[in-house]
Each structure stands twice: as structure tokens, then as C-alpha cells.
$ cat final-v9.pdb   # PDB, C-alpha atoms
ATOM      1  CA  MET A   1       9.026 -53.289  50.178  1.00  0.00           C
ATOM      2  CA  SER A   2       9.302 -57.064  50.304  1.00  0.00           C
ATOM      3  CA  ALA A   3       6.541 -59.400  49.231  1.00  0.00           C
ATOM      4  CA  ALA A   4       4.373 -61.046  51.854  1.00  0.00           C
ATOM      5  CA  PRO A   5       5.268 -64.617  52.796  1.00  0.00           C
ATOM      6  CA  PRO A   6       3.400 -67.131  50.599  1.00  0.00           C
ATOM      7  CA  TRP A   7       1.289 -68.434  53.504  1.00  0.00           C
ATOM      8  CA  ILE A   8      -0.341 -65.035  54.060  1.00  0.00           C
ATOM      9  CA  MET A   9      -3.494 -64.493  52.057  1.00  0.00           C
ATOM     10  CA  PRO A  10      -3.059 -61.475  49.753  1.00  0.00           C
ATOM     11  CA  LYS A  11      -5.453 -58.625  50.405  1.00  0.00           C
ATOM     12  CA  PRO A  12      -7.830 -58.058  47.514  1.00  0.00           C
ATOM     13  CA  SER A  13      -6.949 -55.036  45.412  1.00  0.00           C
ATOM     14  CA  ALA A  14     -10.341 -53.491  46.120  1.00  0.00           C
ATOM     15  CA  PRO A  15     -10.342 -50.873  48.895  1.00  0.00           C
ATOM     16  CA  ASP A  16     -13.050 -52.789  50.758  1.00  0.00           C
ATOM     17  CA  PHE A  17     -12.399 -54.493  54.054  1.00  0.00           C
ATOM     18  CA  ASP A  18     -11.858 -58.248  53.916  1.00  0.00           C
ATOM     19  CA  ILE A  19     -12.689 -60.372  56.982  1.00  0.00           C
ATOM     20  CA  TYR A  20     -10.690 -63.378  55.773  1.00  0.00           C
ATOM     21  CA  TYR A  21      -7.559 -61.316  55.180  1.00  0.00           C
ATOM     22  CA  GLY A  22      -8.015 -59.674  58.589  1.00  0.00           C
ATOM     23  CA  ALA A  23      -8.310 -63.065  60.305  1.00  0.00           C
ATOM     24  CA  ASP A  24      -5.254 -64.331  58.418  1.00  0.00           C
ATOM     25  CA  VAL A  25      -2.964 -61.450  59.398  1.00  0.00           C
ATOM     26  CA  ASP A  26      -4.531 -60.826  62.838  1.00  0.00           C
ATOM     27  CA  ASP A  27      -5.825 -57.342  61.917  1.00  0.00           C
ATOM     28  CA  ILE A  28      -8.758 -56.435  64.188  1.00  0.00           C
ATOM     29  CA  GLY A  29      -9.343 -53.176  62.275  1.00  0.00           C
ATOM     30  CA  GLU A  30      -9.741 -55.069  59.007  1.00  0.00           C
ATOM     31  CA  ILE A  31     -12.163 -57.524  60.621  1.00  0.00           C
ATOM     32  CA  ALA A  32     -14.168 -54.745  62.294  1.00  0.00           C
ATOM     33  CA  GLY A  33     -14.369 -52.820  59.018  1.00  0.00           C
ATOM     34  CA  ALA A  34     -15.613 -55.892  57.162  1.00  0.00           C
ATOM     35  CA  LEU A  35     -18.259 -56.565  59.821  1.00  0.00           C
ATOM     36  CA  ALA A  36     -19.371 -52.914  59.821  1.00  0.00           C
ATOM     37  CA  THR A  37     -19.760 -53.080  56.048  1.00  0.00           C
ATOM     38  CA  ASP A  38     -21.577 -56.442  56.020  1.00  0.00           C
ATOM     39  CA  PRO A  39     -22.427 -58.143  59.346  1.00  0.00           C
ATOM     40  CA  ASN A  40     -23.580 -61.268  57.465  1.00  0.00           C
ATOM     41  CA  VAL A  41     -19.979 -62.131  56.538  1.00  0.00           C
ATOM     42  CA  LEU A  42     -19.269 -63.219  60.149  1.00  0.00           C
ATOM     43  CA  ASN A  43     -20.115 -66.912  59.683  1.00  0.00           C
ATOM     44  CA  GLN A  44     -19.915 -66.989  55.899  1.00  0.00           C
ATOM     45  CA  PRO A  45     -17.364 -69.412  54.432  1.00  0.00           C
ATOM     46  CA  GLU A  46     -14.858 -68.000  51.986  1.00  0.00           C
ATOM     47  CA  PRO A  47     -15.334 -69.534  48.525  1.00  0.00           C
ATOM     48  CA  LEU A  48     -12.043 -71.368  48.002  1.00  0.00           C
ATOM     49  CA  SER A  49     -11.553 -73.426  51.184  1.00  0.00           C
ATOM     50  CA  GLY A  50     -14.932 -72.913  52.790  1.00  0.00           C
ATOM     51  CA  LYS A  51     -13.242 -71.690  55.980  1.00  0.00           C
ATOM     52  CA  THR A  52     -14.881 -68.995  58.042  1.00  0.00           C
ATOM     53  CA  ALA A  53     -12.826 -66.125  59.443  1.00  0.00           C
ATOM     54  CA  LEU A  54     -12.944 -67.950  62.789  1.00  0.00           C
ATOM     55  CA  SER A  55     -11.365 -71.072  61.274  1.00  0.00           C
ATOM     56  CA  ILE A  56      -8.703 -68.992  59.543  1.00  0.00           C
ATOM     57  CA  ALA A  57      -7.812 -67.226  62.797  1.00  0.00           C
ATOM     58  CA  ALA A  58      -7.706 -70.562  64.672  1.00  0.00           C
ATOM     59  CA  ALA A  59      -5.529 -72.216  62.025  1.00  0.00           C
ATOM     60  CA  ASP A  60      -3.067 -69.327  62.122  1.00  0.00           C
ATOM     61  CA  GLY A  61      -3.027 -69.117  65.910  1.00  0.00           C
ATOM     62  CA  ASN A  62      -4.283 -65.531  65.808  1.00  0.00           C
ATOM     63  CA  TYR A  63      -5.710 -65.413  69.322  1.00  0.00           C
ATOM     64  CA  LEU A  64      -6.744 -61.733  69.265  1.00  0.00           C
ATOM     65  CA  SER A  65      -8.719 -62.131  66.040  1.00  0.00           C
ATOM     66  CA  LEU A  66     -10.231 -65.356  67.335  1.00  0.00           C
ATOM     67  CA  GLU A  67     -11.288 -63.691  70.576  1.00  0.00           C
ATOM     68  CA  PHE A  68     -12.677 -60.662  68.725  1.00  0.00           C
ATOM     69  CA  LEU A  69     -14.751 -62.863  66.412  1.00  0.00           C
ATOM     70  CA  LEU A  70     -15.869 -65.360  69.059  1.00  0.00           C
ATOM     71  CA  VAL A  71     -16.409 -63.215  72.159  1.00  0.00           C
ATOM     72  CA  THR A  72     -17.208 -59.767  70.798  1.00  0.00           C
ATOM     73  CA  HIS A  73     -19.167 -60.746  67.694  1.00  0.00           C
ATOM     74  CA  LYS A  74     -20.453 -64.200  68.717  1.00  0.00           C
ATOM     75  CA  ALA A  75     -19.120 -66.082  65.689  1.00  0.00           C
ATOM     76  CA  ASP A  76     -20.500 -69.603  65.414  1.00  0.00           C
ATOM     77  CA  PRO A  77     -17.703 -72.106  66.177  1.00  0.00           C
ATOM     78  CA  TRP A  78     -19.800 -74.968  64.775  1.00  0.00           C
ATOM     79  CA  VAL A  79     -19.575 -73.936  61.076  1.00  0.00           C
ATOM     80  CA  PRO A  80     -17.492 -76.549  59.203  1.00  0.00           C
ATOM     81  CA  ASP A  81     -15.352 -75.908  56.139  1.00  0.00           C
ATOM     82  CA  LYS A  82     -15.483 -77.934  52.906  1.00  0.00           C
ATOM     83  CA  LYS A  83     -13.523 -80.774  54.573  1.00  0.00           C
ATOM     84  CA  GLY A  84     -15.896 -80.820  57.530  1.00  0.00           C
ATOM     85  CA  TRP A  85     -13.322 -79.286  59.882  1.00  0.00           C
ATOM     86  CA  LEU A  86     -14.285 -76.799  62.582  1.00  0.00           C
ATOM     87  CA  ALA A  87     -12.134 -73.951  63.915  1.00  0.00           C
ATOM     88  CA  LEU A  88     -11.378 -76.197  66.908  1.00  0.00           C
ATOM     89  CA  ASP A  89     -10.077 -78.925  64.613  1.00  0.00           C
ATOM     90  CA  TYR A  90      -7.540 -76.504  63.124  1.00  0.00           C
ATOM     91  CA  ALA A  91      -6.449 -75.141  66.494  1.00  0.00           C
ATOM     92  CA  ARG A  92      -5.930 -78.688  67.805  1.00  0.00           C
ATOM     93  CA  ALA A  93      -4.237 -80.110  64.719  1.00  0.00           C
ATOM     94  CA  ILE A  94      -1.768 -77.261  64.454  1.00  0.00           C
ATOM     95  CA  GLY A  95      -1.194 -77.012  68.207  1.00  0.00           C
ATOM     96  CA  HIS A  96      -2.467 -73.542  69.032  1.00  0.00           C
ATOM     97  CA  GLU A  97      -3.307 -74.254  72.682  1.00  0.00           C
ATOM     98  CA  GLY A  98      -4.646 -70.794  73.589  1.00  0.00           C
ATOM     99  CA  CYS A  99      -7.008 -70.805  70.618  1.00  0.00           C
ATOM    100  CA  ARG A 100      -8.053 -74.378  71.355  1.00  0.00           C
ATOM    101  CA  HIS A 101      -8.868 -73.556  74.959  1.00  0.00           C
ATOM    102  CA  LEU A 102     -10.864 -70.437  74.051  1.00  0.00           C
ATOM    103  CA  LEU A 103     -12.887 -72.376  71.482  1.00  0.00           C
ATOM    104  CA  LEU A 104     -13.541 -75.217  73.930  1.00  0.00           C
ATOM    105  CA  GLN A 105     -14.802 -72.738  76.539  1.00  0.00           C
ATOM    106  CA  HIS A 106     -17.363 -71.408  74.070  1.00  0.00           C
ATOM    107  CA  MET A 107     -18.333 -74.718  72.535  1.00  0.00           C
ATOM    108  CA  TYR A 108     -18.616 -76.632  75.799  1.00  0.00           C
ATOM    109  CA  PRO A 109     -19.406 -74.123  78.571  1.00  0.00           C
ATOM    110  CA  GLU A 110     -20.542 -76.959  80.839  1.00  0.00           C
ATOM    111  CA  LEU A 111     -16.940 -78.197  81.001  1.00  0.00           C
ATOM    112  CA  ASP A 112     -15.515 -74.899  82.196  1.00  0.00           C
ATOM    113  CA  GLY A 113     -14.357 -74.529  85.768  1.00  0.00           C
ATOM    114  CA  ASP A 114     -14.505 -77.229  88.430  1.00  0.00           C
ATOM    115  CA  THR A 115     -17.275 -79.228  86.735  1.00  0.00           C
ATOM    116  CA  GLY A 116     -15.047 -80.883  84.173  1.00  0.00           C
ATOM    117  CA  SER A 117     -12.101 -80.641  81.868  1.00  0.00           C
ATOM    118  CA  PRO A 118     -12.244 -79.614  78.213  1.00  0.00           C
ATOM    119  CA  ASP A 119      -9.513 -82.155  77.537  1.00  0.00           C
ATOM    120  CA  VAL A 120     -12.060 -84.980  77.765  1.00  0.00           C
ATOM    121  CA  VAL A 121     -13.832 -83.746  74.634  1.00  0.00           C
ATOM    122  CA  PRO A 122     -13.218 -86.048  71.647  1.00  0.00           C
ATOM    123  CA  LEU A 123     -10.396 -85.015  69.320  1.00  0.00           C
ATOM    124  CA  PHE A 124     -12.758 -83.858  66.570  1.00  0.00           C
ATOM    125  CA  PRO A 125     -16.079 -83.022  68.253  1.00  0.00           C
ATOM    126  CA  ARG A 126     -19.227 -82.502  66.245  1.00  0.00           C
ATOM    127  CA  ARG A 127     -22.444 -80.794  67.160  1.00  0.00           C
ATOM    128  CA  GLY A 128     -24.686 -83.430  68.635  1.00  0.00           C
TER     129      GLY A 128
END
$ encode --input "final-v9.pdb" --output "C-alpha cells"
Amino acid sequence: MSAAPPWIMPKPSAPDFDIYYGADVDDIGEIAGALATDPNVLNQPEPLSGKTALSIAAADGNYLSLEFLLVTHKADPWVPDKKGWLALDYARAIGHEGCRHLLLQHMYPELDGDTGSPDVVPLFPRRG
């Protein structure tokens, strides 16, 4: 068995579910298990970077995990990490267009459809 690439967060050795690992490797089962064990972990920043699972999924372009966290579990897209970046900032900076669009739809519902375009939102929007 080969080692995981260095950019993938290693799963803790404990048998517990880990939401951050699940978001990193796009594992819905891991995320669901973590949320079933402790629902409060949904918007909780991980200690090292301060990223939430939503930000990790957005940064990695893991659309299914992002959708599961955002749509199914109503994760808060307005929680910044230690640098002040939101999940949307990561999706935009790295170029994950599907993730960016999904986040914009949830952060700015008034811009969805014929009433406006999410592309007019400032590059790094903040809650106003």
C-alpha cells in the first residue's frame, strides 16, 4: 500500500470519525459519521489552520462534500479561518468554479436567477 500524497490530511489513528479528514478526501460517510457523533463540529474550526470542514472542501474542490455540508447540514459559509478567509475565498482563489457558484448561491440568494449575477459580488466578500 502506497502512502497518501502529502497534500491529503492524514486520518487520525483513533477509530473516531473526523469531519476535516472527510472534507479533505471527499468522504461523505466520514463527514456523516463525524456529524452523527458530534453535530457541533459542523462549523467548528480545526485547530491548526482554523478552517472549517466547509473551507477544506471548497479549497480542495470537493463539490460533493461541500454540497453535503452546505445544503444538507446547513453549514455556515460565513465562518472565517485564522487568515480571515471564507470557504468562498478558497474556492475563488484556487479556481473551483462549481464550488464557488454553489457557495455564492447560498451566501447571496438574492443574486440567484434573473435578478442578478453572482459574478458582481466583490472578490472577497464579507458579511455586512
$ residues_around --input "final-v9.pdb" --residues "Met107 of chain A" --least-positions-apart "5" --cutoff "9 Å" --atoms "only C-alpha atoms" --output "VMD selection string"
chain A and resid 77 to 78 102
$ residues_near_point --input "final-v9.pdb" --point "(-16.3, -69.2, 66.5)" --cutoff "10 Å" --atoms "all atoms listed in the file" --output "MDAnalysis selection string"
chainID A and resid 42:43 52:55 57:58 66:71 73:79 86:88 102:104 106:107
$ resolve_selection --input "final-v9.pdb" --expression "the PyMOL selection byres ((chain A and resi 26) around 10)" --output "PyMOL selection string"
chain A and resi 20-25+27-31+56-57+60-66
$ atom_distance --input "final-v9.pdb" --atom1 "atom CA of Ser49 of chain A" --atom2 "atom CA of Ile94 of chain A"
16.9 Å
$ atom_distance --input "final-v9.pdb" --atom1 "atom CA of Gly50 of chain A" --atom2 "atom CA of Arg92 of chain A"
18.4 Å
$ axis_aligned_box --input "final-v9.pdb" --around "segment 100-109 of chain A" --padding-each-side "8 Å" --output "lines of an AutoDock Vina configuration file"
center_x = -13.7
center_y = -73.5
center_z = 75.0
size_x = 27.4
size_y = 22.2
size_z = 23.2
$ resolve_selection --input "final-v9.pdb" --expression "the PyMOL selection byres ((chain A and resi 34) around 6)" --output "ChimeraX atom specification"
/A:17-19,31-33,35-37
$ atom_distance --input "final-v9.pdb" --atom1 "atom CA of Glu110 of chain A" --atom2 "atom CA of Pro45 of chain A"
27.6 Å
$ closest_residue --input "final-v9.pdb" --among "A:Asp81, A:Gly98, A:Gln105, A:Asp16" --to "Pro47 of chain A" --atoms "all atoms listed in the file"
A:Asp81
$ closest_residue --input "final-v9.pdb" --among "A:Ala59, A:Pro39, A:Pro109, A:Lys51" --to "Ala91 of chain A" --atoms "all atoms listed in the file"
A:Ala59
